[in-house]
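Heads up, target-v9.cif below (mmCIF, C-alpha atoms):
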data_data
loop_
_atom_site.label_atom_id
_atom_site.label_comp_id
_atom_site.auth_asym_id
_atom_site.auth_seq_id
_atom_site.Cartn_x
_atom_site.Cartn_y
_atom_site.Cartn_z
CA MET A 3 -93.97 45.65 -9.91
CA SER A 4 -94.05 43.61 -13.11
CA GLY A 5 -92.54 40.16 -13.33
CA TYR A 6 -89.70 41.47 -15.44
CA GLU A 7 -88.91 44.23 -12.93
CA LEU A 8 -88.93 41.66 -10.14
CA LEU A 9 -86.51 39.47 -12.05
CA ALA A 10 -84.29 42.41 -12.97
CA ARG A 11 -84.17 43.61 -9.37
CA ASP A 12 -83.34 40.17 -7.95
CA LEU A 13 -80.71 39.37 -10.55
CA ALA A 14 -79.09 42.79 -10.14
CA ALA A 15 -78.90 42.12 -6.39
CA CYS A 16 -77.28 38.76 -7.12
CA GLY A 17 -74.71 40.53 -9.26
CA ARG A 18 -73.97 43.09 -6.53
CA ASP A 19 -73.68 40.36 -3.88
CA GLY A 20 -71.35 38.24 -6.00
CA PHE A 21 -73.89 35.44 -5.53
CA THR A 22 -72.99 31.87 -6.41
CA GLY A 23 -75.93 29.51 -6.79
CA GLU A 24 -79.20 29.25 -8.59
CA VAL A 25 -82.07 31.69 -9.07
CA ARG A 26 -85.23 29.80 -9.87
CA VAL A 27 -87.80 31.80 -11.81
CA SER A 28 -91.39 30.62 -11.49
CA GLY A 29 -93.80 31.49 -14.24
CA SER A 30 -94.40 30.44 -17.78
CA PRO A 31 -92.07 29.10 -19.07
CA GLY A 32 -89.87 30.13 -16.15
CA GLY A 33 -86.41 28.72 -15.73
CA ALA A 34 -83.25 28.81 -13.66
CA PHE A 35 -80.30 31.20 -13.76
CA HIS A 36 -77.03 29.70 -12.57
CA LEU A 37 -74.60 32.25 -11.19
CA ARG A 38 -70.97 32.09 -10.20
CA GLY A 39 -69.49 35.08 -8.38
CA GLY A 40 -72.40 37.28 -9.45
CA LEU A 41 -72.12 36.37 -13.13
CA VAL A 42 -74.62 34.22 -15.02
CA VAL A 43 -72.84 31.12 -16.34
CA ALA A 44 -75.88 29.12 -17.52
CA VAL A 45 -79.62 29.57 -17.95
CA GLU A 46 -82.07 26.72 -18.31
CA SER A 47 -85.67 27.17 -19.38
CA PRO A 48 -88.39 24.91 -20.76
CA GLY A 49 -88.95 27.75 -23.22
CA ALA A 50 -85.67 27.38 -25.13
CA PRO A 51 -83.64 24.42 -26.38
CA GLY A 52 -80.53 23.84 -24.31
CA PRO A 53 -77.15 22.94 -25.81
CA GLU A 54 -77.97 19.23 -25.66
CA ALA A 55 -81.22 19.68 -27.61
CA LEU A 56 -79.48 21.95 -30.12
CA LEU A 57 -76.86 19.29 -30.86
CA LEU A 58 -79.27 16.35 -30.91
CA ARG A 59 -82.07 17.97 -32.87
CA SER A 60 -79.76 19.49 -35.43
CA GLY A 61 -78.42 16.01 -36.15
CA ARG A 62 -74.90 16.85 -35.02
CA ILE A 63 -74.99 13.74 -32.85
CA GLY A 64 -77.43 10.85 -32.52
CA GLY A 65 -79.25 9.81 -29.36
CA GLU A 66 -77.33 6.56 -28.96
CA GLU A 67 -73.99 8.29 -29.40
CA TRP A 68 -74.99 10.92 -26.87
CA ALA A 69 -75.96 8.26 -24.35
CA ALA A 70 -72.59 6.57 -24.89
CA LEU A 71 -70.76 9.84 -24.25
CA VAL A 72 -72.73 10.44 -21.06
CA ARG A 73 -71.82 6.94 -19.84
CA GLU A 74 -68.20 7.49 -20.81
CA SER A 75 -68.07 10.75 -18.86
CA GLY A 76 -69.48 9.15 -15.72
CA GLY A 77 -72.99 10.52 -16.09
CA ALA A 78 -72.20 14.16 -16.85
CA ARG A 79 -75.17 16.05 -18.29
CA TRP A 80 -72.88 17.90 -20.65
CA PRO A 81 -70.09 15.58 -21.87
CA ALA A 82 -68.04 18.34 -23.49
CA ALA A 83 -64.72 16.50 -23.40
CA GLY A 84 -66.21 13.46 -25.11
CA LEU A 85 -67.92 15.56 -27.77
CA ILE A 86 -64.58 17.11 -28.66
CA ALA A 87 -62.54 13.90 -28.35
CA HIS A 88 -64.87 11.98 -30.67
CA GLY A 89 -64.99 14.80 -33.20
CA TYR A 90 -68.68 15.70 -32.87
CA ALA A 91 -67.81 19.35 -32.32
CA GLY A 92 -64.86 21.58 -31.71
CA ALA A 93 -64.17 23.32 -28.42
CA ALA A 94 -64.91 26.72 -29.93
CA GLN A 95 -68.18 25.45 -31.42
CA LEU A 96 -69.30 24.16 -28.04
CA ARG A 97 -68.46 27.47 -26.41
CA VAL A 98 -70.60 29.24 -29.01
CA VAL A 99 -73.47 26.78 -28.55
CA CYS A 100 -73.40 27.26 -24.77
CA ALA A 101 -73.24 31.04 -25.01
CA MET A 102 -76.09 31.16 -27.56
CA SER A 103 -78.18 28.81 -25.48
CA LEU A 104 -77.65 30.95 -22.38
CA GLN A 105 -78.81 34.09 -24.22
CA ASP A 106 -81.73 32.25 -25.78
CA ALA A 107 -82.99 30.85 -22.48
CA ALA A 108 -82.78 34.31 -20.88
CA PHE A 109 -84.87 35.64 -23.78
CA ALA A 110 -87.43 32.85 -23.30
CA VAL A 111 -87.79 33.66 -19.60
CA VAL A 112 -88.18 37.39 -20.28
CA ALA A 113 -90.62 36.82 -23.16
CA GLY A 114 -92.89 34.75 -20.92
CA SER A 115 -94.48 35.65 -17.62
CA VAL A 116 -92.51 35.85 -14.39
CA ASP A 117 -94.38 35.09 -11.17
CA GLY A 118 -91.49 35.11 -8.73
CA CYS A 119 -87.80 34.47 -8.12
CA GLU A 120 -86.10 32.45 -5.44
CA ARG A 121 -82.45 32.09 -4.65
CA GLY A 122 -81.14 28.65 -3.93
CA PRO A 123 -77.83 26.94 -3.40
CA ALA A 124 -75.90 25.55 -6.32
CA ALA A 125 -76.90 21.93 -5.86
CA VAL A 126 -74.76 20.60 -8.65
CA ALA A 127 -72.41 22.15 -11.17
CA PRO A 128 -74.61 23.86 -13.78
CA PRO A 129 -74.65 21.96 -17.05
CA ALA A 130 -73.03 23.54 -20.08
CA ALA A 131 -71.76 26.55 -18.17
CA VAL A 132 -69.82 29.22 -20.04
CA ALA A 133 -66.28 29.93 -18.85
CA VAL A 134 -66.81 33.69 -18.51
CA GLY A 135 -70.22 34.58 -17.17
CA GLU A 136 -72.52 37.38 -18.26
CA PRO A 137 -73.34 40.28 -15.95
CA PRO A 138 -77.03 39.67 -15.12
CA THR A 139 -78.16 43.20 -15.83
CA ARG A 140 -76.62 43.23 -19.30
CA LEU A 141 -78.07 39.78 -20.01
CA LEU A 142 -81.59 40.91 -19.13
CA GLN A 143 -81.24 44.17 -21.04
CA GLU A 144 -80.23 42.24 -24.15
CA ALA A 145 -83.15 39.83 -23.73
CA SER A 146 -85.52 42.74 -23.24
CA ARG A 147 -84.16 44.48 -26.34
CA LYS A 148 -84.80 41.35 -28.39
CA LEU A 149 -88.36 41.13 -27.12
CA ARG A 150 -89.02 44.77 -28.00
CA ALA A 151 -87.62 44.21 -31.49
CA LEU A 152 -89.83 41.16 -31.92
CA LEU A 153 -92.96 42.95 -30.78
CA ALA A 154 -92.18 45.86 -33.11
CA LEU A 155 -92.44 43.62 -36.18
CA PRO A 156 -95.53 44.06 -38.38
CA TYR A 157 -96.87 40.68 -37.17
CA PRO A 158 -95.68 40.44 -33.56
CA VAL A 159 -95.43 36.89 -32.26
CA ARG A 160 -94.85 35.46 -28.79
CA PRO A 161 -92.80 32.28 -28.54
CA ASP A 162 -95.60 30.39 -26.78
CA ARG A 163 -98.73 31.99 -28.23
CA GLU A 164 -99.32 31.62 -31.96
CA ARG A 165 -99.69 28.17 -33.51
CA PRO A 166 -99.29 28.85 -37.24
CA THR A 167 -100.05 26.67 -40.25
CA PRO A 168 -98.61 26.98 -43.76
CA ALA A 169 -100.66 29.35 -45.89
CA PRO A 170 -101.82 28.12 -49.31
CA VAL A 171 -99.45 30.59 -50.94
CA SER A 172 -96.50 28.90 -49.23
CA CYS A 173 -96.78 25.91 -51.59
CA ALA A 174 -96.09 28.15 -54.54
CA ALA A 175 -93.25 29.98 -52.86
CA SER A 176 -89.86 29.08 -54.21
CA ARG A 177 -86.29 29.80 -53.25
CA LEU A 178 -87.00 29.69 -49.56
CA GLY A 179 -84.09 29.38 -47.19
CA ALA A 180 -83.41 26.24 -45.20
CA LEU A 181 -84.95 27.62 -42.02
CA ARG A 182 -88.14 28.69 -43.77
CA CYS A 183 -88.48 25.32 -45.47
CA GLU A 184 -88.09 23.57 -42.13
CA LEU A 185 -90.62 25.83 -40.45
CA LEU A 186 -93.14 25.25 -43.24
CA ALA A 187 -92.60 21.51 -42.93
CA HIS A 188 -93.19 21.45 -39.18
CA ALA A 189 -95.79 24.21 -38.66
CA ASP A 190 -98.99 22.20 -38.32
CA GLY A 191 -101.28 24.49 -36.35
CA ARG A 192 -100.32 22.71 -33.12
CA ARG A 193 -96.79 23.98 -32.62
CA THR A 194 -95.80 27.36 -31.24
CA ALA A 195 -92.56 29.09 -32.22
CA ARG A 196 -91.06 27.58 -29.08
CA ASP A 197 -92.15 24.09 -30.16
CA LEU A 198 -90.76 24.69 -33.64
CA ALA A 199 -87.43 25.77 -32.14
CA PHE A 200 -87.16 22.46 -30.27
CA ARG A 201 -88.31 20.49 -33.30
CA THR A 202 -85.75 22.06 -35.61
CA GLY A 203 -82.90 22.39 -33.10
CA ARG A 204 -82.60 26.15 -33.43
CA GLY A 205 -82.76 29.07 -31.04
CA VAL A 206 -86.22 30.16 -29.96
CA TYR A 207 -85.49 33.84 -30.70
CA THR A 208 -84.33 33.03 -34.22
CA VAL A 209 -87.37 30.88 -34.90
CA THR A 210 -89.85 33.32 -33.36
CA VAL A 211 -88.52 36.18 -35.48
CA GLU A 212 -88.70 34.04 -38.61
CA VAL A 213 -92.24 32.91 -37.79
CA ALA A 214 -93.25 36.54 -37.31
CA ARG A 215 -91.74 37.49 -40.68
CA MET A 216 -93.37 34.55 -42.43
CA LEU A 217 -96.74 35.45 -40.92
CA GLY A 218 -96.21 38.99 -42.13
CA GLU A 219 -95.35 37.80 -45.64
CA GLY A 220 -98.32 35.44 -45.81
CA LEU A 221 -96.26 32.24 -45.87
CA LEU A 222 -97.78 31.18 -42.56
CA GLU A 223 -101.18 31.95 -41.14
CA CYS A 224 -102.90 31.57 -37.79
CA VAL A 225 -106.30 29.91 -37.57
CA ASP A 226 -108.38 31.35 -34.78
CA ALA A 227 -110.58 28.34 -34.08
CA PRO A 228 -108.87 25.61 -32.07
CA HIS A 229 -108.64 22.28 -33.83
CA SER A 230 -111.27 19.76 -32.84
CA ILE A 231 -110.48 16.76 -30.68
CA PRO A 232 -112.74 13.86 -31.66
CA VAL A 233 -114.05 11.91 -28.71
CA ARG A 234 -115.25 8.36 -29.18
CA LEU A 235 -116.82 6.02 -26.73
CA PRO A 236 -116.39 2.31 -26.21
CA ALA A 237 -118.50 0.37 -28.69
CA ASP A 238 -120.77 -1.25 -26.10
CA GLY A 239 -122.05 2.16 -25.04
CA GLY A 240 -122.27 1.01 -21.49
CA GLY A 241 -119.63 3.30 -20.22
CA LEU A 242 -116.16 2.63 -19.00
CA ARG A 243 -115.48 -0.44 -16.97
CA PRO A 244 -113.00 -0.45 -14.15
CA ARG A 245 -109.85 -2.28 -15.05
CA GLU A 246 -110.07 -5.94 -14.26
CA PRO A 247 -107.99 -7.07 -11.34
CA GLY A 248 -105.20 -9.43 -12.20
CA PRO A 249 -105.76 -13.17 -12.09
CA PRO A 250 -105.84 -14.67 -8.63
CA ALA A 251 -102.39 -15.33 -7.33
CA ALA A 252 -101.13 -18.79 -8.10
CA PRO A 253 -100.21 -20.97 -5.15
CA PRO A 254 -96.68 -20.14 -4.11
CA PRO A 255 -94.24 -22.40 -5.90
CA GLY A 256 -91.61 -22.12 -3.23
CA PRO A 257 -91.22 -21.20 0.35
CA ASP A 258 -91.22 -17.45 -0.38
CA ALA A 259 -94.56 -16.35 -1.83
CA THR A 260 -93.44 -12.74 -2.45
CA ALA A 261 -90.43 -13.65 -4.55
CA LEU A 262 -90.16 -12.17 -8.03
CA PRO A 263 -90.58 -14.50 -11.00
CA ARG A 264 -87.39 -16.45 -11.35
CA ARG A 265 -85.79 -17.42 -14.61
CA ARG A 266 -84.86 -21.10 -14.92
CA PRO A 267 -81.57 -21.85 -16.63
CA GLY A 268 -82.20 -23.54 -19.95
CA ALA A 269 -85.83 -22.48 -20.14
CA SER A 270 -85.26 -20.69 -23.44
CA GLY A 271 -83.91 -23.84 -25.11
CA ILE A 272 -80.97 -21.93 -26.58
CA ASN A 273 -78.46 -24.35 -25.08
CA GLU A 274 -80.09 -27.33 -26.71
CA ALA A 275 -80.04 -25.51 -30.01
CA LEU A 276 -76.43 -24.45 -29.87
CA THR A 277 -74.57 -27.06 -27.79
CA PRO A 278 -73.11 -29.91 -29.89
CA GLU A 279 -74.96 -33.15 -29.54
CA PRO A 280 -72.92 -36.17 -28.46
CA ASP A 281 -73.10 -37.49 -32.01
CA GLY A 282 -71.90 -34.16 -33.36
CA GLY A 283 -75.15 -33.57 -35.26
CA THR A 284 -76.02 -29.98 -34.34
CA GLY A 285 -74.28 -27.14 -32.61
CA TRP A 286 -72.60 -23.86 -33.43
CA LYS A 287 -71.30 -25.25 -36.71
CA GLU A 288 -74.82 -26.21 -37.74
CA PHE A 289 -76.07 -22.82 -36.65
CA PHE A 290 -73.57 -21.06 -38.90
CA ARG A 291 -74.36 -23.44 -41.74
CA LEU A 292 -78.01 -22.52 -41.43
CA ARG A 293 -77.15 -18.86 -41.61
CA ASN A 294 -74.73 -19.33 -44.49
CA PRO A 295 -75.38 -22.43 -46.59
CA THR A 296 -71.96 -22.19 -48.29
CA THR A 297 -70.11 -22.76 -44.99
CA ARG A 298 -68.71 -26.25 -44.62
CA MET B 8 -120.23 12.51 -21.24
CA ASP B 9 -119.34 16.11 -21.90
CA HIS B 10 -117.11 15.74 -24.97
CA GLU B 11 -116.25 19.39 -25.10
CA ALA B 12 -115.20 19.39 -21.43
CA LEU B 13 -112.82 16.51 -22.07
CA ALA B 14 -111.36 18.22 -25.13
CA ARG B 15 -110.99 21.42 -23.12
CA GLU B 16 -109.04 19.62 -20.40
CA MET B 17 -106.66 18.07 -22.92
CA ARG B 18 -106.16 21.30 -24.80
CA GLY B 19 -105.76 23.23 -21.56
CA LEU B 20 -103.05 20.93 -20.30
CA ARG B 21 -101.05 21.38 -23.49
CA GLU B 22 -101.32 25.14 -23.18
CA GLN B 23 -100.50 25.09 -19.48
CA VAL B 24 -97.21 23.18 -19.62
CA SER B 25 -94.51 24.19 -22.08
CA GLY B 26 -93.28 21.29 -24.15
CA ILE B 27 -96.37 19.07 -24.21
CA THR B 28 -96.70 17.92 -27.81
CA ASP B 29 -99.55 15.40 -27.68
CA THR B 30 -102.12 14.02 -25.26
CA ALA B 31 -104.50 11.08 -25.42
CA VAL B 32 -107.12 9.57 -23.14
CA ALA B 33 -107.95 5.87 -23.39
CA ALA B 34 -110.00 3.31 -21.54
CA ALA B 35 -108.07 1.12 -19.11
CA ASP B 36 -108.10 -1.68 -21.67
CA GLY B 37 -106.31 0.50 -24.22
CA LEU B 38 -109.23 1.55 -26.40
CA LEU B 39 -108.80 5.15 -27.49
CA ILE B 40 -111.33 7.69 -26.24
CA ALA B 41 -109.82 10.99 -27.38
CA ALA B 42 -106.55 12.08 -28.93
CA ASP B 43 -104.98 15.49 -29.31
CA THR B 44 -102.05 14.21 -31.32
CA ALA B 45 -100.00 15.24 -34.32
CA ASP B 46 -100.46 13.42 -37.62
CA SER B 47 -97.17 11.60 -37.09
CA ILE B 48 -98.58 9.76 -34.05
CA ASP B 49 -100.87 6.75 -34.35
CA PRO B 50 -103.28 7.42 -31.48
CA GLU B 51 -104.79 3.91 -31.42
CA GLY B 52 -101.36 2.34 -31.13
CA LEU B 53 -100.33 4.90 -28.53
CA ALA B 54 -103.39 4.08 -26.41
CA ALA B 55 -102.63 0.36 -26.59
CA LEU B 56 -98.99 0.91 -25.68
CA ALA B 57 -100.00 3.11 -22.78
CA ALA B 58 -102.36 0.47 -21.40
CA ALA B 59 -99.66 -2.17 -21.68
CA GLY B 60 -97.05 0.15 -20.16
CA ILE B 61 -99.23 1.12 -17.22
CA GLY B 62 -100.20 -2.49 -16.65
CA LEU B 63 -96.60 -3.65 -16.64
CA ALA B 64 -95.53 -0.82 -14.35
CA ARG B 65 -98.39 -1.57 -11.97
CA ARG B 66 -97.46 -5.24 -11.80
CA THR B 67 -93.81 -4.35 -11.30
CA SER B 68 -94.75 -1.98 -8.52
CA GLU B 69 -96.83 -4.69 -6.85
CA ALA B 70 -94.23 -7.43 -7.30
CA THR B 71 -91.53 -5.26 -5.79
CA ALA B 72 -93.69 -3.90 -2.96
CA ARG B 73 -93.34 -0.30 -4.20
CA GLY B 74 -96.92 0.55 -3.31
CA ALA B 75 -99.56 2.15 -5.50
CA LEU B 76 -98.39 3.20 -8.94
CA HIS B 77 -98.41 6.95 -9.50
CA ARG B 78 -97.21 7.19 -13.09
CA THR B 79 -94.74 5.81 -15.53
CA VAL B 80 -92.45 7.89 -17.71
CA ALA B 81 -90.34 6.75 -20.66
CA TYR B 82 -87.45 9.11 -21.39
CA GLY B 83 -85.83 9.36 -24.81
CA SER B 84 -83.27 11.66 -26.31
CA HIS B 85 -86.02 13.71 -27.95
CA GLY B 86 -88.44 13.89 -25.06
CA CYS B 87 -90.58 11.69 -22.90
CA ALA B 88 -93.89 9.85 -22.72
CA ALA B 89 -95.77 9.96 -19.42
CA PHE B 90 -98.60 7.54 -18.65
CA TYR B 91 -101.09 8.25 -15.87
CA ALA B 92 -103.97 6.20 -14.57
CA VAL B 93 -107.28 8.10 -14.58
CA GLY B 94 -109.13 6.58 -11.69
CA ASP B 95 -109.81 2.89 -12.21
CA THR B 96 -111.36 3.20 -15.62
CA ALA B 97 -109.02 5.03 -17.93
CA LEU B 98 -105.55 6.36 -18.55
CA MET B 99 -103.95 9.44 -19.99
CA VAL B 100 -100.83 9.75 -22.11
CA VAL B 101 -98.79 12.94 -22.32
CA LEU B 102 -95.95 13.26 -24.80
CA GLY B 103 -93.47 16.07 -24.39
CA ASP B 104 -90.30 17.31 -26.02
CA GLU B 105 -86.94 17.48 -24.25
CA GLY B 106 -87.71 20.94 -22.89
CA MET B 107 -90.77 19.88 -20.92
CA ASP B 108 -90.40 20.26 -17.16
CA VAL B 109 -91.56 16.81 -16.05
CA GLU B 110 -92.01 17.80 -12.40
CA ARG B 111 -94.20 20.66 -13.49
CA LEU B 112 -96.15 18.28 -15.69
CA HIS B 113 -96.80 15.96 -12.75
CA THR B 114 -98.06 18.88 -10.68
CA ALA B 115 -100.27 20.20 -13.47
CA THR B 116 -101.75 16.81 -14.33
CA GLN B 117 -103.09 16.01 -10.86
CA PRO B 118 -106.12 18.36 -10.93
CA ALA B 119 -106.64 17.60 -14.63
CA LEU B 120 -106.69 13.85 -13.96
CA ARG B 121 -109.28 14.29 -11.25
CA ARG B 122 -111.50 16.39 -13.51
CA ILE B 123 -111.09 13.98 -16.45
CA ASP B 124 -112.03 11.10 -14.17
CA LEU B 125 -115.19 12.98 -13.19
CA ILE B 126 -116.04 13.68 -16.82
CA LEU B 127 -115.57 10.03 -17.79
CA THR B 128 -117.36 8.49 -14.82
CA ARG B 129 -120.24 10.94 -15.11
CA LYS B 130 -120.80 9.45 -18.53
CA ALA B 131 -120.60 5.97 -17.13
CA ALA B 132 -123.08 6.76 -14.37
CA GLU B 133 -125.52 8.17 -16.90
CA GLY B 134 -125.08 5.06 -19.02
CA VAL B 135 -125.17 7.08 -22.23
#
Would you encode the structure as structure tokens?
Amino acid sequence: MSGYELLARDLAACGRDGFTGEVRVSGSPGGAFHLRGGLVVAVESPGAPGPEALLLRSGRIGGEEWAALVRESGGARWPAAGLIAHGYAGAAQLRVVCAMSLQDAAFAVVAGSVDGCERGPAAVAPPAAVAVGEPPTRLLQEASRKLRALLALPYPVRPDRERPTPAPVSCAASRLGALRCELLAHADGRRTARDLAFRTGRGVYTVTVEVARMLGEGLLECVDAPHSIPVRLPADGGGLRPREPGPPAAPPPGPDATALPRRRPGASGINEALTPEPDGGTGWKEFFRLRNPTTR
Amino acid sequence: MDHEALAREMRGLREQVSGITDTAVAAADGLLIAADTADSIDPEGLAALAAAGIGLARRTSEATARGALHRTVAYGSHGCAAFYAVGDTALMVVLGDEGMDVERLHTATQPALRRIDLILTRKAAEGV
């Protein structure tokens, strides 16, 4: 039984059983299917950008802002309410992003190799779950259809196999779409279609299909020989030396020798710099005057 | 030292774990030995940062009685940087994007670290 058949059989059984929990798929890239009542409500895979990566990498929201939203929501992995409240995205947009990400992750799992599946309890609420889940059989059939379509292209590409570089002709190509321009900018012979999807904040299926088309049109090319990794040795030629142990421990300053270094109040000198002197010479006023000479 | 074996280990790790973007091996003092990095990364600076990061983490671990340091990982919104000690002589840096399964990385690096240590120390023993 192939890995795909194993996955299809197990997920179909989950659907029949009305299973609620997680199905972990081992393999490359593998992933996890989150089910509720036999329907798939979220799929996570290292092979496809999740909703968070799609929003962050596409520039919809910055890293600092995302961190603030996560704090505001009490540590939620998917701060949907905050994203909507602060105007980063609409509710409908987020639903679309989650649904696309679910489909894309299922495709990534199916396009890779599946070694095994294991049911597990739903440890935590799945992040970025869709409100209405997908029947697992239909989800896998759709992913399988996409893979067949991809492999039927004149230059079939796997998401984690080819590492294309821009072909010389690509420099002369004009009127390329935004996606193609981005892929040409980031394809460096090191990145797979999966890597390019993460880098550009787009779905891995979309990017893999575009890479396949660009390879077929000669805009990208694959170099067979792996790039070289230069190795250099320490200048003394005597080989590597073990790291030097730290300096001998200083005699314990206090009664507790194992205590962590302790900060002494006033050690930085900031108080002396900012507190007014008795004669009123320096202080906050002086500090502001230094920063802005026109202040009196 | 078998240069090609070291390069093979670094390349193999990147192909083995989805999401690894760059790897580098440096001496324990932060001098770069080999880098499989994109043009946007300064490998010399990365090696120096890794040595400082591992050193700080090791001291923190000792000062707080957390035992031997296994690794240190810096997480950002676009991925993470993992620093591993390679025996007593060197260290390895692995950069990954936000999709990288960090637990899987830790599992995959253990045999690679052992082999890289052997490759590096074999060189040292030969004195080449």
Determine, counting all atoms listed in the file, which protein, DNA and RNA residues have an atom within 6 Å of an atom of stretch 112-125 of chain B; residues of the same chain fewer than 3 positions away are not included. Present the result as an mmCIF file with C-alpha atoms, in the frame of the given file.
data_model
loop_
_atom_site.group_PDB
_atom_site.id
_atom_site.type_symbol
_atom_site.label_atom_id
_atom_site.label_comp_id
_atom_site.auth_asym_id
_atom_site.auth_seq_id
_atom_site.Cartn_x
_atom_site.Cartn_y
_atom_site.Cartn_z
ATOM 1 C CA VAL B 93 -107.280 8.100 -14.580
ATOM 2 C CA GLY B 94 -109.130 6.580 -11.690
ATOM 3 C CA VAL B 109 -91.560 16.810 -16.050
ATOM 4 C CA THR B 128 -117.360 8.490 -14.820
ATOM 5 C CA ARG B 129 -120.240 10.940 -15.110
#
Explicit residue set for the PyMOL selection byres ((chain B and resi 23) around 10), as a PDB file with C-alpha atoms, keeping the file's coordinate frame:
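part-v2.pdb, freshly written:
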ATOM      1  CA  SER A  30     -94.400  30.440 -17.780  1.00  0.00           C
ATOM      2  CA  PRO A  31     -92.070  29.100 -19.070  1.00  0.00           C
TER       3      PRO A  31
ATOM      4  CA  MET B  17    -106.660  18.070 -22.920  1.00  0.00           C
ATOM      5  CA  ARG B  18    -106.160  21.300 -24.800  1.00  0.00           C
ATOM      6  CA  GLY B  19    -105.760  23.230 -21.560  1.00  0.00           C
ATOM      7  CA  LEU B  20    -103.050  20.930 -20.300  1.00  0.00           C
ATOM      8  CA  ARG B  21    -101.050  21.380 -23.490  1.00  0.00           C
ATOM      9  CA  GLU B  22    -101.320  25.140 -23.180  1.00  0.00           C
ATOM     10  CA  VAL B  24     -97.210  23.180 -19.620  1.00  0.00           C
ATOM     11  CA  SER B  25     -94.510  24.190 -22.080  1.00  0.00           C
ATOM     12  CA  GLY B  26     -93.280  21.290 -24.150  1.00  0.00           C
ATOM     13  CA  ILE B  27     -96.370  19.070 -24.210  1.00  0.00           C
ATOM     14  CA  ARG B 111     -94.200  20.660 -13.490  1.00  0.00           C
ATOM     15  CA  LEU B 112     -96.150  18.280 -15.690  1.00  0.00           C
ATOM     16  CA  ALA B 115    -100.270  20.200 -13.470  1.00  0.00           C
ATOM     17  CA  THR B 116    -101.750  16.810 -14.330  1.00  0.00           C
TER      18      THR B 116
END
Need the shell around A:Phe200: protein/DNA/RNA residues with any atom at most 8 Å away, counting all atoms listed in the file. Skip same-chain ones fewer than 5 positions apart. Format as a compact mmCIF listing (two decimals) with C-alpha atoms, in the frame of the given file?
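So the final result, stored in part_10.txt, reads:
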# COMPACT_ATOMS: atom_id res chain seq x y z
CA ALA A 50 -85.67 27.38 -25.13
CA PRO A 51 -83.64 24.42 -26.38
CA ALA A 55 -81.22 19.68 -27.61
CA LEU A 56 -79.48 21.95 -30.12
CA ARG A 59 -82.07 17.97 -32.87
CA GLY A 205 -82.76 29.07 -31.04
CA VAL A 206 -86.22 30.16 -29.96
CA ASP B 104 -90.30 17.31 -26.02
CA GLU B 105 -86.94 17.48 -24.25
CA GLY B 106 -87.71 20.94 -22.89
Could you state which residues are captured by the PyMOL selection byres ((chain B) within 9 of (chain A)) in this file, as an mmCIF file with C-alpha atoms, in the frame of the given file?
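File selection_35.cif, as written:
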data_model
loop_
_atom_site.group_PDB
_atom_site.id
_atom_site.type_symbol
_atom_site.label_atom_id
_atom_site.label_comp_id
_atom_site.auth_asym_id
_atom_site.auth_seq_id
_atom_site.Cartn_x
_atom_site.Cartn_y
_atom_site.Cartn_z
ATOM 1 C CA HIS B 10 -117.110 15.740 -24.970
ATOM 2 C CA GLU B 11 -116.250 19.390 -25.100
ATOM 3 C CA LEU B 13 -112.820 16.510 -22.070
ATOM 4 C CA ALA B 14 -111.360 18.220 -25.130
ATOM 5 C CA ARG B 15 -110.990 21.420 -23.120
ATOM 6 C CA MET B 17 -106.660 18.070 -22.920
ATOM 7 C CA ARG B 18 -106.160 21.300 -24.800
ATOM 8 C CA GLU B 22 -101.320 25.140 -23.180
ATOM 9 C CA GLN B 23 -100.500 25.090 -19.480
ATOM 10 C CA VAL B 24 -97.210 23.180 -19.620
ATOM 11 C CA SER B 25 -94.510 24.190 -22.080
ATOM 12 C CA GLY B 26 -93.280 21.290 -24.150
ATOM 13 C CA ILE B 27 -96.370 19.070 -24.210
ATOM 14 C CA THR B 28 -96.700 17.920 -27.810
ATOM 15 C CA ALA B 34 -110.000 3.310 -21.540
ATOM 16 C CA ALA B 35 -108.070 1.120 -19.110
ATOM 17 C CA ASP B 36 -108.100 -1.680 -21.670
ATOM 18 C CA LEU B 38 -109.230 1.550 -26.400
ATOM 19 C CA LEU B 39 -108.800 5.150 -27.490
ATOM 20 C CA ILE B 40 -111.330 7.690 -26.240
ATOM 21 C CA ALA B 41 -109.820 10.990 -27.380
ATOM 22 C CA ALA B 42 -106.550 12.080 -28.930
ATOM 23 C CA ASP B 43 -104.980 15.490 -29.310
ATOM 24 C CA THR B 44 -102.050 14.210 -31.320
ATOM 25 C CA ALA B 45 -100.000 15.240 -34.320
ATOM 26 C CA ASP B 46 -100.460 13.420 -37.620
ATOM 27 C CA ARG B 66 -97.460 -5.240 -11.800
ATOM 28 C CA ALA B 70 -94.230 -7.430 -7.300
ATOM 29 C CA THR B 71 -91.530 -5.260 -5.790
ATOM 30 C CA ALA B 72 -93.690 -3.900 -2.960
ATOM 31 C CA GLY B 83 -85.830 9.360 -24.810
ATOM 32 C CA SER B 84 -83.270 11.660 -26.310
ATOM 33 C CA HIS B 85 -86.020 13.710 -27.950
ATOM 34 C CA GLY B 94 -109.130 6.580 -11.690
ATOM 35 C CA ASP B 95 -109.810 2.890 -12.210
ATOM 36 C CA THR B 96 -111.360 3.200 -15.620
ATOM 37 C CA ALA B 97 -109.020 5.030 -17.930
ATOM 38 C CA ASP B 104 -90.300 17.310 -26.020
ATOM 39 C CA GLU B 105 -86.940 17.480 -24.250
ATOM 40 C CA GLY B 106 -87.710 20.940 -22.890
ATOM 41 C CA MET B 107 -90.770 19.880 -20.920
ATOM 42 C CA ASP B 108 -90.400 20.260 -17.160
ATOM 43 C CA LEU B 127 -115.570 10.030 -17.790
ATOM 44 C CA THR B 128 -117.360 8.490 -14.820
ATOM 45 C CA LYS B 130 -120.800 9.450 -18.530
ATOM 46 C CA ALA B 131 -120.600 5.970 -17.130
ATOM 47 C CA ALA B 132 -123.080 6.760 -14.370
ATOM 48 C CA GLU B 133 -125.520 8.170 -16.900
ATOM 49 C CA GLY B 134 -125.080 5.060 -19.020
ATOM 50 C CA VAL B 135 -125.170 7.080 -22.230
#
